[in-house]
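*Asks:* I'd like to ask you about the structure that follows.
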Amino acid sequence: MNKVILAGLVSFCIWSCTESKKERMNPEIELPFYNEATFTPEWISERDLKYDSIHTIKDFSFINQNGDIVTNGTFDGKIYVTNFFFTICPNVCPRMTKNLKKIQTEFAEDESVKILSHTVMPWVDSVGRLAEYARLNDIDDKQWQLVTGDKADLYSMAREAYFADEGFGKTATTEEDFLHTENIILIDTKRRIRGVYNGTLPLEIKRLIEDIQTLKKE
């Protein structure tokens, strides 16, 4: 092959890859979007036809540790991280709570960052029990909401809105059905999923904090 043609092809490939990377790492979309339960990351530009159909968190209404109603409106214009837990969980949930407290501490003075934790055992986790859990774990109710409500509503949010179930695709149809996940989900100001993290691992929480800082710059 002619050396000039070969050099031209190599230069084109380098340029093409560079431009592709620049598009993917465009500051507008530095963090990916997650649109389905396999959590396959997608970098979708505002110029992309798919942009207007990005998965968003549906409306919700639950009761927090103070007995107040918490809705999607509570988080309008906010970045928030969310998870699913239960107060009598002996091992995984305490680790998740401990790690989420790092988020609470890191963004203690930042009104734009919130935390939302849903119980998966509403028949156990009453408002009073959530209040006691919040007290024992030094949870700041101005920043961190613990919520309970109807089981079907909670499980629907977990599986359909946040894709937050180890056995994704299941349907809560029986009394024996129980949801469990170690995932912490990062939601942007437009109610879109921007990150997924193992809530039991400190290194993942460090990455989450970095991603929140990145998201704040969008």
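By order in the structure tokens, chains are A, B, ...; within a chain, residues start at 1; ligands start at 1, following the order shown.
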Counting only C-alpha atoms, what is within 8 Å of range 182-192 of chain A, bar same-chain residues fewer than 6 positions away, as a ChimeraX atom specification?
*Replies:* /A:33-34,54-57,75-84,92,96,162,164,198-200,208,212,215
*Asks:* DSSP on the backbone, helix (DSSP H, G or I) only: what residues of range 16-217 of chain A does that give? Format it as a ChimeraX atom specification.
*Replies:* /A:16-24,27-29,51-53,72-75,92-106,127-136,151-161,202-216
*Asks:* Pick out the closest residue to Cys89 in chain A from this set: A:Glu204, A:Asp68, A:Asp110, A:Asp125. Count only C-alpha atoms.
*Replies:*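 Closest residue, counting only C-alpha atoms: A:Asp125.
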*Asks:* Given only C-alpha atoms as the basis, pick out the residue of A:Thr40, A:Glu30, A:Cys93, A:Ala108 nearest to Asp211 in chain A.
*Replies:*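 The closest residue to Asp211 in chain A is A:Glu30.
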*Asks:* Find the residues around Leu201 in chain A up to 9 Å (only C-alpha atoms counted), leave out those fewer than 4 positions away in its own chain, and share them as a list in words.
*Replies:*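 Surrounding residues, per the criterion: Arg95, Met96, Asn99, Tyr197, Ile205 and Lys206 of chain A.
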*Asks:* Would you mind exporting the chosen residues as a short mmCIF file (atom, residue, chain, number, x, y, z; two decimals), in the first residue's frame, restricted to all heavy atoms?
*Replies:*
data_model
loop_
_atom_site.label_atom_id
_atom_site.label_comp_id
_atom_site.auth_asym_id
_atom_site.auth_seq_id
_atom_site.Cartn_x
_atom_site.Cartn_y
_atom_site.Cartn_z
N ARG A 95 -23.71 -1.22 56.86
CA ARG A 95 -22.55 -0.78 56.07
C ARG A 95 -22.96 0.29 55.07
O ARG A 95 -22.24 1.27 54.87
CB ARG A 95 -21.90 -1.97 55.35
CG ARG A 95 -21.28 -2.99 56.28
CD ARG A 95 -20.17 -3.78 55.62
NE ARG A 95 -20.58 -4.48 54.42
CZ ARG A 95 -21.12 -5.69 54.39
NH1 ARG A 95 -21.34 -6.33 55.52
NH2 ARG A 95 -21.44 -6.27 53.25
N MET A 96 -24.11 0.10 54.45
CA MET A 96 -24.60 1.10 53.51
C MET A 96 -24.89 2.42 54.22
O MET A 96 -24.56 3.50 53.71
CB MET A 96 -25.86 0.59 52.80
CG MET A 96 -25.62 -0.58 51.87
SD MET A 96 -27.14 -1.17 51.08
CE MET A 96 -27.47 0.18 49.94
N ASN A 99 -21.72 4.22 55.01
CA ASN A 99 -21.14 4.83 53.81
C ASN A 99 -21.94 6.03 53.34
O ASN A 99 -21.37 7.03 52.88
CB ASN A 99 -21.01 3.79 52.70
CG ASN A 99 -19.86 2.82 52.94
OD1 ASN A 99 -18.87 3.18 53.57
ND2 ASN A 99 -20.00 1.60 52.45
N TYR A 197 -23.67 2.32 42.21
CA TYR A 197 -22.53 2.05 43.07
C TYR A 197 -22.87 0.95 44.08
O TYR A 197 -24.01 0.87 44.54
CB TYR A 197 -22.12 3.32 43.84
CG TYR A 197 -22.08 4.54 42.95
CD1 TYR A 197 -23.26 5.26 42.68
CD2 TYR A 197 -20.90 4.95 42.34
CE1 TYR A 197 -23.24 6.35 41.82
CE2 TYR A 197 -20.88 6.04 41.49
CZ TYR A 197 -22.06 6.74 41.22
OH TYR A 197 -22.05 7.81 40.37
N ILE A 205 -18.03 4.59 47.30
CA ILE A 205 -18.56 5.84 47.83
C ILE A 205 -17.64 7.01 47.47
O ILE A 205 -18.11 8.11 47.17
CB ILE A 205 -18.73 5.75 49.36
CG1 ILE A 205 -19.70 4.62 49.71
CG2 ILE A 205 -19.24 7.07 49.93
CD1 ILE A 205 -21.05 4.69 49.04
N LYS A 206 -16.36 6.76 47.46
CA LYS A 206 -15.42 7.79 46.99
C LYS A 206 -15.71 8.16 45.55
O LYS A 206 -15.72 9.34 45.18
CB LYS A 206 -13.99 7.28 47.15
CG LYS A 206 -12.94 8.29 46.70
CD LYS A 206 -11.53 7.74 46.85
CE LYS A 206 -10.51 8.76 46.36
NZ LYS A 206 -9.11 8.23 46.46
#
